[in-house]
>>> print(open('start_8.txt').read())   # compact mmCIF, C-alpha atoms
# COMPACT_ATOMS: atom_id res chain seq x y z
CA MET I 1 102.50 86.93 109.47
CA LEU I 2 99.73 85.19 111.34
CA ASP I 3 100.27 82.80 114.24
CA ILE I 4 100.14 79.28 112.79
CA LYS I 5 99.08 77.90 116.18
CA TYR I 6 96.06 80.24 116.10
CA ILE I 7 95.26 79.14 112.53
CA LYS I 8 95.39 75.45 113.51
CA GLU I 9 93.16 75.98 116.53
CA ASN I 10 90.69 78.36 114.84
CA PRO I 11 90.70 77.72 111.06
CA ASP I 12 87.04 78.64 110.49
CA GLU I 13 87.36 81.88 112.46
CA VAL I 14 90.49 82.88 110.50
CA ILE I 15 88.68 82.22 107.21
CA ALA I 16 85.67 84.26 108.33
CA ARG I 17 87.76 87.21 109.53
CA LEU I 18 89.86 87.30 106.37
CA ALA I 19 86.64 87.23 104.35
CA LYS I 20 85.78 90.58 105.97
CA LYS I 21 88.89 91.90 104.21
CA GLY I 22 87.72 90.48 100.89
CA LYS I 23 90.15 87.56 101.05
CA ASP I 24 88.84 84.05 100.28
CA ALA I 25 91.36 82.08 102.35
CA LYS I 26 89.74 78.66 102.38
CA GLU I 27 92.28 77.09 100.01
CA ASP I 28 95.20 78.86 101.70
CA ILE I 29 94.17 77.67 105.16
CA ALA I 30 93.64 74.10 103.89
CA GLN I 31 97.09 74.20 102.29
CA ILE I 32 98.68 75.56 105.46
CA LEU I 33 97.11 72.83 107.58
CA ALA I 34 98.19 70.13 105.11
CA LEU I 35 101.75 71.46 104.81
CA ASP I 36 102.06 71.78 108.58
CA THR I 37 100.92 68.17 109.02
CA GLN I 38 103.42 67.07 106.39
CA ARG I 39 106.16 69.13 108.05
CA ARG I 40 105.53 67.56 111.45
CA THR I 41 105.47 64.07 109.91
CA LEU I 42 108.82 64.66 108.21
CA ILE I 43 110.33 66.06 111.39
CA GLY I 44 109.18 62.93 113.21
CA GLU I 45 110.76 60.70 110.57
CA VAL I 46 114.08 62.57 110.77
CA GLU I 47 114.12 62.39 114.56
CA ALA I 48 113.37 58.66 114.47
CA LEU I 49 116.21 58.10 112.00
CA LYS I 50 118.61 60.08 114.15
CA ALA I 51 117.63 57.99 117.16
CA GLU I 52 118.35 54.79 115.16
CA GLN I 53 121.69 56.24 114.00
CA ASN I 54 122.69 57.03 117.57
CA LYS I 55 121.72 53.55 118.70
CA ALA I 56 123.68 51.90 115.88
CA THR I 57 126.71 54.13 116.44
CA LYS I 58 126.88 53.12 120.11
CA GLN I 59 127.03 49.44 119.08
CA ILE I 60 130.22 49.83 117.00
CA PRO I 61 132.79 50.00 119.88
CA GLN I 62 131.24 46.93 121.53
CA MET I 63 131.26 45.01 118.24
CA LYS I 64 134.90 45.89 117.57
CA LYS I 65 135.82 44.78 121.08
CA ALA I 66 134.03 41.49 120.49
CA GLY I 67 135.82 41.08 117.15
CA LEU I 68 132.59 41.25 115.14
CA ASP I 69 132.33 42.60 111.59
CA THR I 70 131.16 46.24 111.73
CA ALA I 71 130.83 46.68 107.96
CA PRO I 72 127.08 45.91 107.93
CA VAL I 73 126.51 48.53 110.64
CA PHE I 74 128.44 51.16 108.70
CA ALA I 75 126.46 50.30 105.59
CA GLU I 76 123.25 50.65 107.58
CA LEU I 77 124.40 54.01 108.95
CA LYS I 78 125.17 55.25 105.45
CA ALA I 79 121.75 54.17 104.23
CA MET I 80 120.08 55.91 107.16
CA GLY I 81 122.20 59.02 106.53
CA ASP I 82 121.18 59.11 102.87
CA LYS I 83 117.53 58.68 103.83
CA ALA I 84 117.77 61.43 106.46
CA LYS I 85 119.37 63.77 103.91
CA ALA I 86 116.55 63.10 101.44
CA ILE I 87 113.93 63.77 104.12
CA ASP I 88 115.76 66.98 105.14
CA GLU I 89 115.58 68.19 101.53
CA GLN I 90 111.88 67.34 101.39
CA LEU I 91 111.36 69.09 104.75
CA LYS I 92 113.13 72.20 103.48
CA GLU I 93 110.87 72.31 100.43
CA VAL I 94 107.72 71.88 102.56
CA GLU I 95 108.82 74.62 104.95
CA THR I 96 109.55 76.95 102.02
CA GLN I 97 106.06 76.33 100.63
CA LEU I 98 104.50 76.82 104.06
CA THR I 99 106.35 80.08 104.64
CA GLY I 100 105.32 81.34 101.20
CA VAL I 101 101.62 80.73 101.85
CA MET I 102 101.86 82.22 105.36
CA LEU I 103 103.58 85.37 104.05
CA GLY I 104 100.82 85.82 101.49
CA LEU I 105 98.02 86.00 104.06
CA PRO I 106 96.92 89.49 105.16
CA ASN I 107 96.52 90.43 108.79
CA LEU I 108 93.34 89.53 110.62
CA PRO I 109 91.04 92.57 111.00
CA ASP I 110 89.97 93.39 114.54
CA ASN I 111 86.59 91.90 115.39
CA ASP I 112 84.83 95.26 115.74
CA LEU I 113 85.56 96.34 112.14
CA LYS I 114 82.76 96.30 109.59
CA GLU I 115 83.27 94.04 106.61
CA GLY I 116 83.66 95.42 103.11
CA GLY I 117 85.38 98.46 101.64
CA LYS I 118 85.13 102.26 101.57
CA GLU I 119 81.35 102.18 101.42
CA ASN I 120 81.33 100.89 105.01
CA ASN I 121 83.87 103.33 106.45
CA GLU I 122 82.46 105.06 109.53
CA PRO I 123 83.06 108.77 110.30
CA LEU I 124 83.56 108.96 114.06
CA ARG I 125 83.84 112.70 114.65
CA TYR I 126 84.10 116.03 112.86
CA TRP I 127 86.31 118.96 113.83
CA GLY I 128 85.72 122.63 113.05
CA GLU I 129 83.43 124.01 110.38
CA PRO I 130 83.86 124.03 106.59
CA ARG I 131 85.17 127.32 105.24
CA LYS I 132 82.40 129.45 103.72
CA PHE I 133 83.49 131.95 101.09
CA ASP I 134 81.80 135.24 100.15
CA PHE I 135 83.79 135.23 96.90
CA GLU I 136 84.60 132.70 94.17
CA PRO I 137 87.44 130.63 95.67
CA GLN I 138 90.40 129.40 93.63
CA ASN I 139 91.71 125.84 93.60
CA HIS I 140 95.12 125.05 95.08
CA VAL I 141 96.83 124.56 91.72
CA ASP I 142 95.96 128.09 90.56
CA LEU I 143 96.76 129.59 93.98
CA CYS I 144 100.14 127.86 94.24
CA THR I 145 101.00 128.86 90.68
CA SER I 146 99.96 132.51 91.01
CA LEU I 147 101.81 132.89 94.33
CA GLY I 148 104.94 131.21 92.96
CA LEU I 149 104.82 128.45 95.59
CA ILE I 150 104.90 125.43 93.29
CA ASP I 151 106.42 125.03 89.84
CA TYR I 152 104.46 122.20 88.24
CA ASP I 153 105.77 122.62 84.70
CA ARG I 154 109.46 122.48 85.60
CA GLY I 155 108.84 119.60 87.99
CA THR I 156 107.41 117.66 85.05
CA LYS I 157 110.34 118.74 82.90
CA LEU I 158 112.83 117.39 85.42
CA ALA I 159 111.15 114.09 86.37
CA GLY I 160 107.93 113.59 84.39
CA SER I 161 104.28 113.72 85.42
CA GLY I 162 103.50 113.33 89.10
CA PHE I 163 106.41 115.51 90.26
CA TRP I 164 106.62 119.18 91.24
CA ILE I 165 109.08 121.74 92.60
CA TYR I 166 108.65 123.85 95.74
CA ARG I 167 109.97 127.37 95.18
CA GLY I 168 110.64 130.37 97.41
CA MET I 169 107.90 130.79 99.98
CA GLY I 170 106.41 127.46 98.87
CA ALA I 171 109.61 125.67 99.88
CA ARG I 172 109.67 127.59 103.16
CA LEU I 173 106.02 126.74 103.82
CA GLU I 174 106.68 123.04 103.14
CA TRP I 175 109.68 123.13 105.49
CA ALA I 176 107.60 124.96 108.09
CA LEU I 177 105.03 122.17 108.09
CA LEU I 178 107.75 119.55 108.56
CA ASN I 179 109.33 121.52 111.41
CA TYR I 180 105.96 121.98 113.12
CA PHE I 181 105.27 118.24 112.97
CA ILE I 182 108.73 117.18 114.12
CA ASP I 183 108.98 119.73 116.93
CA THR I 184 105.59 118.62 118.26
CA HIS I 185 106.58 114.93 118.28
CA ILE I 186 109.94 115.58 119.92
CA ALA I 187 108.20 117.61 122.63
CA ASP I 188 105.95 114.57 123.23
CA GLY I 189 108.97 112.32 123.84
CA TYR I 190 109.41 110.72 120.42
CA GLU I 191 112.92 109.89 119.22
CA LEU I 192 113.80 111.43 115.84
CA ILE I 193 115.05 108.89 113.29
CA LEU I 194 116.49 109.74 109.85
CA PRO I 195 116.68 106.35 108.07
CA PRO I 196 118.15 105.43 104.68
CA HIS I 197 115.85 106.21 101.78
CA MET I 198 116.98 103.06 99.96
CA LEU I 199 116.09 99.77 101.64
CA GLU I 200 116.70 96.05 101.18
CA TYR I 201 114.00 93.50 100.38
CA GLU I 202 113.76 92.26 103.98
CA CYS I 203 112.39 95.65 105.07
CA GLY I 204 109.44 95.34 102.71
CA LEU I 205 108.94 91.73 103.77
CA THR I 206 108.80 92.66 107.47
CA ALA I 207 106.46 95.61 106.88
CA GLY I 208 104.12 93.33 104.92
CA GLN I 209 104.49 95.14 101.59
CA PHE I 210 106.36 92.21 100.01
CA PRO I 211 105.98 89.84 98.34
CA LYS I 212 102.46 90.85 97.26
CA PHE I 213 103.14 94.53 96.53
CA ALA I 214 106.74 94.29 95.34
CA ASP I 215 105.78 95.70 91.94
CA GLU I 216 104.38 98.92 93.42
CA VAL I 217 107.75 100.35 94.50
CA TYR I 218 110.70 101.88 92.67
CA LYS I 219 113.33 99.16 92.49
CA ILE I 220 117.05 99.86 92.16
CA GLU I 221 119.53 97.59 90.44
CA ASN I 222 122.70 96.83 92.38
CA PRO I 223 125.69 96.68 90.03
CA THR I 224 127.80 94.58 92.42
CA ASP I 225 125.42 91.80 93.49
CA ASN I 226 121.87 90.48 93.11
CA ARG I 227 120.36 92.04 96.21
CA MET I 228 117.14 93.96 95.61
CA HIS I 229 116.97 97.53 96.86
CA TYR I 230 113.99 99.85 96.61
CA MET I 231 113.11 103.46 97.43
CA LEU I 232 111.05 103.53 100.59
CA PRO I 233 107.33 104.23 100.03
CA THR I 234 107.00 105.39 103.65
CA ALA I 235 109.28 105.58 106.69
CA GLU I 236 107.21 102.76 108.19
CA ALA I 237 109.08 100.34 105.90
CA ALA I 238 112.35 101.29 107.59
CA LEU I 239 111.10 101.73 111.16
CA ALA I 240 109.32 98.35 111.20
CA SER I 241 112.70 96.67 110.63
CA LEU I 242 114.73 98.76 113.07
CA TYR I 243 114.70 95.93 115.65
CA ARG I 244 114.35 93.02 113.25
CA ASN I 245 115.70 89.73 114.67
CA GLU I 246 116.23 91.33 118.09
CA LEU I 247 115.12 90.26 121.55
CA MET I 248 114.29 93.10 123.93
CA THR I 249 113.23 93.38 127.56
CA GLU I 250 110.04 94.78 129.06
CA ALA I 251 111.96 97.85 130.21
CA ASP I 252 112.59 98.80 126.57
CA PHE I 253 108.92 99.58 125.95
CA PRO I 254 107.21 101.52 124.65
CA LYS I 255 109.55 102.72 121.91
CA LYS I 256 108.22 105.92 120.34
CA LEU I 257 109.85 106.98 117.08
CA VAL I 258 109.28 109.77 114.57
CA SER I 259 110.90 110.02 111.17
CA TYR I 260 110.99 112.46 108.28
CA THR I 261 111.55 111.08 104.79
CA PRO I 262 110.53 111.75 101.23
CA CYS I 263 108.26 108.90 100.12
CA PHE I 264 108.36 107.29 96.69
CA ARG I 265 105.26 105.69 95.16
CA ARG I 266 104.69 104.40 91.65
CA GLU I 267 100.99 105.30 91.91
CA ALA I 268 100.09 103.13 88.93
CA GLY I 269 96.96 104.03 86.99
CA SER I 270 95.33 107.26 85.93
CA TYR I 271 94.41 110.08 88.29
CA ARG I 272 90.88 111.33 88.71
CA SER I 273 90.12 114.81 87.42
CA ASP I 274 89.99 116.20 90.98
CA GLU I 275 93.44 114.85 91.85
CA ARG I 276 95.48 117.53 90.14
CA GLY I 277 98.60 119.16 91.44
CA MET I 278 100.03 117.67 94.63
CA VAL I 279 97.15 115.46 95.75
CA ARG I 280 98.74 112.35 94.23
CA GLY I 281 102.36 112.12 93.18
CA HIS I 282 105.35 109.85 92.87
CA GLN I 283 107.37 111.68 95.55
CA PHE I 284 106.11 113.55 98.59
CA ASN I 285 107.27 114.46 102.09
CA LYS I 286 105.94 112.81 105.21
CA VAL I 287 106.62 112.72 108.92
CA GLU I 288 105.82 109.27 110.30
CA MET I 289 105.06 108.21 113.87
CA PHE I 290 105.88 104.64 114.89
CA GLN I 291 105.61 102.69 118.12
CA TYR I 292 106.82 99.34 119.40
CA THR I 293 104.71 98.25 122.36
CA LEU I 294 103.95 95.32 124.61
CA PRO I 295 100.68 93.64 123.54
CA GLU I 296 98.78 95.02 126.54
CA GLN I 297 99.91 98.57 125.65
CA SER I 298 98.76 98.29 122.05
CA ASP I 299 95.24 99.75 122.24
CA ALA I 300 96.32 102.72 124.36
CA ALA I 301 99.17 103.41 121.93
CA PHE I 302 96.71 103.42 119.02
CA ASP I 303 94.49 105.95 120.77
CA GLU I 304 97.55 108.10 121.48
CA LEU I 305 98.61 108.12 117.83
CA VAL I 306 95.09 109.03 116.65
CA THR I 307 94.91 111.86 119.18
CA LYS I 308 98.32 113.17 118.09
CA ALA I 309 97.39 113.16 114.40
CA GLU I 310 94.12 114.94 115.18
CA ALA I 311 95.94 117.55 117.27
CA LEU I 312 98.41 118.29 114.46
CA VAL I 313 95.65 118.89 111.92
CA GLY I 314 93.58 120.80 114.45
CA GLY I 315 96.56 122.99 115.30
CA LEU I 316 96.55 124.22 111.70
CA GLY I 317 92.95 125.37 112.14
CA PHE I 318 91.49 122.99 109.57
CA HIS I 319 88.07 121.44 109.28
CA PHE I 320 88.52 117.66 109.19
CA ARG I 321 87.06 114.35 110.25
CA THR I 322 88.25 111.08 111.78
CA VAL I 323 87.10 107.91 110.00
CA LYS I 324 87.19 104.28 111.14
CA LEU I 325 87.99 102.13 108.12
CA ALA I 326 86.08 99.00 107.24
CA ALA I 327 88.11 95.80 107.14
CA GLU I 328 88.66 95.67 103.37
CA ASP I 329 89.84 99.30 103.25
CA CYS I 330 92.59 98.59 105.79
CA SER I 331 95.93 97.70 104.25
CA ALA I 332 96.95 94.05 104.15
CA SER I 333 99.32 94.40 107.12
CA MET I 334 96.96 96.19 109.49
CA ALA I 335 94.38 94.95 111.99
CA ARG I 336 92.69 98.37 112.27
CA THR I 337 93.08 101.85 110.78
CA TYR I 338 91.64 105.29 111.43
CA ASP I 339 92.05 107.93 108.73
CA ILE I 340 92.24 111.66 109.38
CA GLU I 341 90.54 113.26 106.39
CA ILE I 342 90.87 116.94 105.61
CA ASN I 343 88.49 119.12 103.64
CA ILE I 344 89.88 120.53 100.37
CA PRO I 345 87.13 122.90 99.14
CA SER I 346 87.78 122.56 95.39
CA MET I 347 87.36 118.78 95.64
CA ASN I 348 83.97 118.96 97.36
CA GLY I 349 84.98 116.33 99.85
CA TYR I 350 87.66 114.91 102.09
CA LYS I 351 91.14 113.56 101.44
CA GLU I 352 93.17 111.37 103.80
CA VAL I 353 96.21 113.12 105.31
CA SER I 354 96.98 110.59 108.03
CA SER I 355 96.39 106.88 108.49
CA VAL I 356 96.90 105.54 112.00
CA SER I 357 97.15 101.75 112.10
CA ASN I 358 97.78 98.89 114.48
CA ALA I 359 99.52 95.83 113.00
CA ARG I 360 99.27 93.90 116.30
CA ASP I 361 102.03 91.22 116.13
CA TYR I 362 101.78 90.73 112.35
CA GLN I 363 104.94 92.69 111.42
CA ALA I 364 106.84 91.50 114.49
CA ARG I 365 106.28 87.87 113.47
CA ARG I 366 107.55 88.59 109.96
CA GLY I 367 110.62 90.38 111.38
CA ASN I 368 111.15 88.12 114.44
CA ILE I 369 110.92 91.06 116.87
CA ARG I 370 110.39 89.76 120.41
CA VAL I 371 110.36 90.69 124.06
CA LYS I 372 111.59 88.55 126.94
CA ARG I 373 109.27 89.02 129.88
CA ALA I 374 110.42 89.27 133.48
CA THR I 375 108.86 85.82 133.92
CA GLY I 376 111.21 84.44 131.27
CA LYS I 377 108.46 84.05 128.67
CA THR I 378 109.28 85.25 125.14
CA GLU I 379 106.61 86.70 122.87
CA PHE I 380 106.21 88.95 119.84
CA VAL I 381 105.75 92.69 120.28
CA HIS I 382 103.12 94.93 118.66
CA THR I 383 103.86 97.63 116.07
CA LEU I 384 101.82 100.72 115.21
CA ASN I 385 102.27 103.59 112.79
CA GLY I 386 100.63 106.86 111.88
CA SER I 387 101.27 109.70 109.46
CA GLY I 388 102.18 112.76 111.41
CA LEU I 389 101.69 114.16 108.74
CA ALA I 390 101.96 113.94 104.94
CA THR I 391 102.34 117.41 103.43
CA SER I 392 101.21 116.86 99.84
CA ARG I 393 97.55 117.21 100.84
CA ILE I 394 98.05 119.48 103.85
CA LEU I 395 99.52 122.27 101.72
CA PRO I 396 96.68 122.24 99.14
CA ALA I 397 94.12 122.34 101.96
CA LEU I 398 96.07 125.12 103.67
CA VAL I 399 96.10 127.46 100.68
CA GLU I 400 92.47 126.72 99.77
CA GLN I 401 90.99 127.04 103.27
CA ASN I 402 93.05 130.14 104.11
CA GLN I 403 92.76 132.08 100.83
CA THR I 404 91.41 135.63 100.66
CA ALA I 405 89.45 137.42 97.96
CA ASP I 406 92.59 139.02 96.47
CA GLY I 407 94.34 135.66 96.05
CA SER I 408 96.54 135.93 99.14
CA VAL I 409 96.88 133.13 101.70
CA VAL I 410 96.87 133.59 105.49
CA ILE I 411 99.53 131.47 107.23
CA PRO I 412 98.29 129.42 110.23
CA GLU I 413 99.62 130.90 113.46
CA VAL I 414 101.62 127.78 114.43
CA LEU I 415 103.67 128.08 111.21
CA ARG I 416 104.46 131.79 111.28
CA LYS I 417 107.61 131.48 113.38
CA TYR I 418 109.02 129.11 110.74
CA VAL I 419 107.87 131.01 107.64
CA GLY I 420 108.57 134.51 108.95
CA VAL I 421 105.42 136.09 107.48
CA GLU I 422 101.71 136.11 108.26
CA ILE I 423 100.36 136.37 104.72
CA LEU I 424 101.57 135.09 101.36
CA LYS I 425 100.88 137.72 98.69
CA LYS I 426 101.45 138.01 94.97
>>> encode(input="start_8.txt", output="structure tokens")
Amino acid sequence: MLDIKYIKENPDEVIARLAKKGKDAKEDIAQILALDTQRRTLIGEVEALKAEQNKATKQIPQMKKAGLDTAPVFAELKAMGDKAKAIDEQLKEVETQLTGVMLGLPNLPDNDLKEGGKENNEPLRYWGEPRKFDFEPQNHVDLCTSLGLIDYDRGTKLAGSGFWIYRGMGARLEWALLNYFIDTHIADGYELILPPHMLEYECGLTAGQFPKFADEVYKIENPTDNRMHYMLPTAEAALASLYRNELMTEADFPKKLVSYTPCFRREAGSYRSDERGMVRGHQFNKVEMFQYTLPEQSDAAFDELVTKAEALVGGLGFHFRTVKLAAEDCSASMARTYDIEINIPSMNGYKEVSSVSNARDYQARRGNIRVKRATGKTEFVHTLNGSGLATSRILPALVEQNQTADGSVVIPEVLRKYVGVEILKK
């Protein structure tokens, strides 16, 4: 959620910055300003009525002592009470409307981001060299099938399209990737968190996924009450609410968390022809990095997360690139995002395997997550997240980039202690 004080002081700037994200916010901002004015007017009326009520109430003992009739005063108090109640109801409705409009606004993009979408994304740096083959390379679907790593047909039989099964060495390779990621993060001082995979609505609201994207998750009916639960689309949705409605101290920061979860996405719409196999699916595994920081630590934390994601991909020996996203390509909740994109040879291009993002205080405002400074001042914290990493595109890149002419796959050195072999053969 944006800072309403900032909106009131800089309405034109907010409109211009949101336009960089493709959001025409002129009507929203006008409505927010009007509702806020109405809210403050109603608050003033209620406070004035309460002051009159207090004044009238203080007169009653004196009137009784003087033997005067207090009935008119009581009638006046009742009338004022009824009027105050009506104004309170109106105030509640205005505040509900105001909150609804505020929750619907995306985060402001950082000023240095280019406007527009993917066409304006900016590759910042490249790592390694693309694999050059002296034979006709296979795609990851054929490699994983021939090596018995992935069972696509039975995955579809069990759960429908967009699902697969890891088998044998494929399951061990998937688990090796997860162990490599987690071990690296723990060694860097991150606390391992294993959250629930089923969350309540407030988690999506705090993360910024709801209410706008509530239809893009798998919802679960609760047979005992009307609460909405949903399967988490990423561990970020849980970690962003870990300290919801809490007040922390400066000594608590930074908080560095890492979490492994399966992720569940509806992925509505048809897949492109090059997105076969595991590249897009309804369930995949991901290790997520997350940080809570003081505002002045925010930029350094972002750089740290980007460097960590790059190091993980680089440790696997891959060719990849780091891309700064244009404003419209950043998600609604984020002020800035860098993608780590890996080369998958059969796709003749790059696929994102990590998004590192800074939400600034946007999620903290939605979740009321604050810090009390040593000076006594209270302010909202900053939240950041980064994939560290998602495996559903790492594994396809791994088998394609490391394949040999006979259809075998060489295991990256950092994974061999987990897998127990150096080469996967038929």
>>> atom_distance(input="start_8.txt", atom1="atom CA of Phe264 of chain I", atom2="atom CA of Met231 of chain I")
6.1 Å
>>> closest_residue(input="start_8.txt", among="I:Glu221, I:Asp88, I:Glu119, I:Asp3", to="Glu200 of chain I", atoms="all atoms listed in the file")
I:Glu221
>>> closest_residue(input="start_8.txt", among="I:Gln97, I:Thr322, I:Thr145, I:Asn226", to="Trp164 of chain I", atoms="only C-alpha atoms")
I:Thr145
>>> atom_distance(input="start_8.txt", atom1="atom CA of Glu45 of chain I", atom2="atom CA of Arg366 of chain I")
28.1 Å
>>> residues_around(input="start_8.txt", residues="segment 126-140 of chain I", least_positions_apart="3", cutoff="7 Å", atoms="all atoms listed in the file", output="VMD selection string")
chain I and resid 143 to 144 318 to 322 346 396 399 to 401 405
>>> write_last_selection(input="start_8.txt", atoms="C-alpha atoms", output="mmCIF file, in the frame of the given file")
data_model
loop_
_atom_site.group_PDB
_atom_site.id
_atom_site.type_symbol
_atom_site.label_atom_id
_atom_site.label_comp_id
_atom_site.auth_asym_id
_atom_site.auth_seq_id
_atom_site.Cartn_x
_atom_site.Cartn_y
_atom_site.Cartn_z
ATOM 1 C CA LEU I 143 96.760 129.590 93.980
ATOM 2 C CA CYS I 144 100.140 127.860 94.240
ATOM 3 C CA PHE I 318 91.490 122.990 109.570
ATOM 4 C CA HIS I 319 88.070 121.440 109.280
ATOM 5 C CA PHE I 320 88.520 117.660 109.190
ATOM 6 C CA ARG I 321 87.060 114.350 110.250
ATOM 7 C CA THR I 322 88.250 111.080 111.780
ATOM 8 C CA SER I 346 87.780 122.560 95.390
ATOM 9 C CA PRO I 396 96.680 122.240 99.140
ATOM 10 C CA VAL I 399 96.100 127.460 100.680
ATOM 11 C CA GLU I 400 92.470 126.720 99.770
ATOM 12 C CA GLN I 401 90.990 127.040 103.270
ATOM 13 C CA ALA I 405 89.450 137.420 97.960
#
>>> residues_around(input="start_8.txt", residues="Glu379 of chain I", least_positions_apart="3", cutoff="9 Å", atoms="all atoms listed in the file", output="PyMOL selection string")
chain I and resi 369-373
>>> closest_residue(input="start_8.txt", among="I:Thr41, I:Ser241, I:Thr404, I:Ser355", to="Asn368 of chain I", atoms="only C-alpha atoms")
I:Ser241
>>> closest_residue(input="start_8.txt", among="I:Tyr180, I:Glu115, I:Ala397, I:Leu194", to="Cys330 of chain I", atoms="all atoms listed in the file")
I:Glu115
>>> atom_distance(input="start_8.txt", atom1="atom CA of Lys85 of chain I", atom2="atom CA of Gln53 of chain I")
12.8 Å
>>> residues_around(input="start_8.txt", residues="Phe284 of chain I", least_positions_apart="5", cutoff="8 Å", atoms="only C-alpha atoms", output="list in words")
Pro262, Cys263, Phe264, Ala390, Thr391 and Ser392 of chain I
>>> write_last_selection(input="start_8.txt", atoms="C-alpha atoms", output="PDB file, in the coordinates of the input")
ATOM      1  CA  PRO I 262     110.530 111.750 101.230  1.00  0.00           C
ATOM      2  CA  CYS I 263     108.260 108.900 100.120  1.00  0.00           C
ATOM      3  CA  PHE I 264     108.360 107.290  96.690  1.00  0.00           C
ATOM      4  CA  ALA I 390     101.960 113.940 104.940  1.00  0.00           C
ATOM      5  CA  THR I 391     102.340 117.410 103.430  1.00  0.00           C
ATOM      6  CA  SER I 392     101.210 116.860  99.840  1.00  0.00           C
TER       7      SER I 392
END
>>> axis_aligned_box(input="start_8.txt", around="segment 376-393 of chain I", padding_each_side="6 Å", output="lines of an AutoDock Vina configuration file")
center_x = 104.4
center_y = 100.7
center_z = 115.6
size_x = 25.7
size_y = 45.4
size_z = 43.4
>>> residues_around(input="start_8.txt", residues="Val356 of chain I", least_positions_apart="5", cutoff="10 Å", atoms="only C-alpha atoms", output="PyMOL selection string")
chain I and resi 288-290+302-309+324+334+336-340+384-388
>>> write_last_selection(input="start_8.txt", atoms="C-alpha atoms", output="CSV table (one decimal), keeping the file's coordinate frame")
chain,number,residue,atom,x,y,z
I,288,GLU,CA,105.8,109.3,110.3
I,289,MET,CA,105.1,108.2,113.9
I,290,PHE,CA,105.9,104.6,114.9
I,302,PHE,CA,96.7,103.4,119.0
I,303,ASP,CA,94.5,106.0,120.8
I,304,GLU,CA,97.6,108.1,121.5
I,305,LEU,CA,98.6,108.1,117.8
I,306,VAL,CA,95.1,109.0,116.6
I,307,THR,CA,94.9,111.9,119.2
I,308,LYS,CA,98.3,113.2,118.1
I,309,ALA,CA,97.4,113.2,114.4
I,324,LYS,CA,87.2,104.3,111.1
I,334,MET,CA,97.0,96.2,109.5
I,336,ARG,CA,92.7,98.4,112.3
I,337,THR,CA,93.1,101.8,110.8
I,338,TYR,CA,91.6,105.3,111.4
I,339,ASP,CA,92.0,107.9,108.7
I,340,ILE,CA,92.2,111.7,109.4
I,384,LEU,CA,101.8,100.7,115.2
I,385,ASN,CA,102.3,103.6,112.8
I,386,GLY,CA,100.6,106.9,111.9
I,387,SER,CA,101.3,109.7,109.5
I,388,GLY,CA,102.2,112.8,111.4
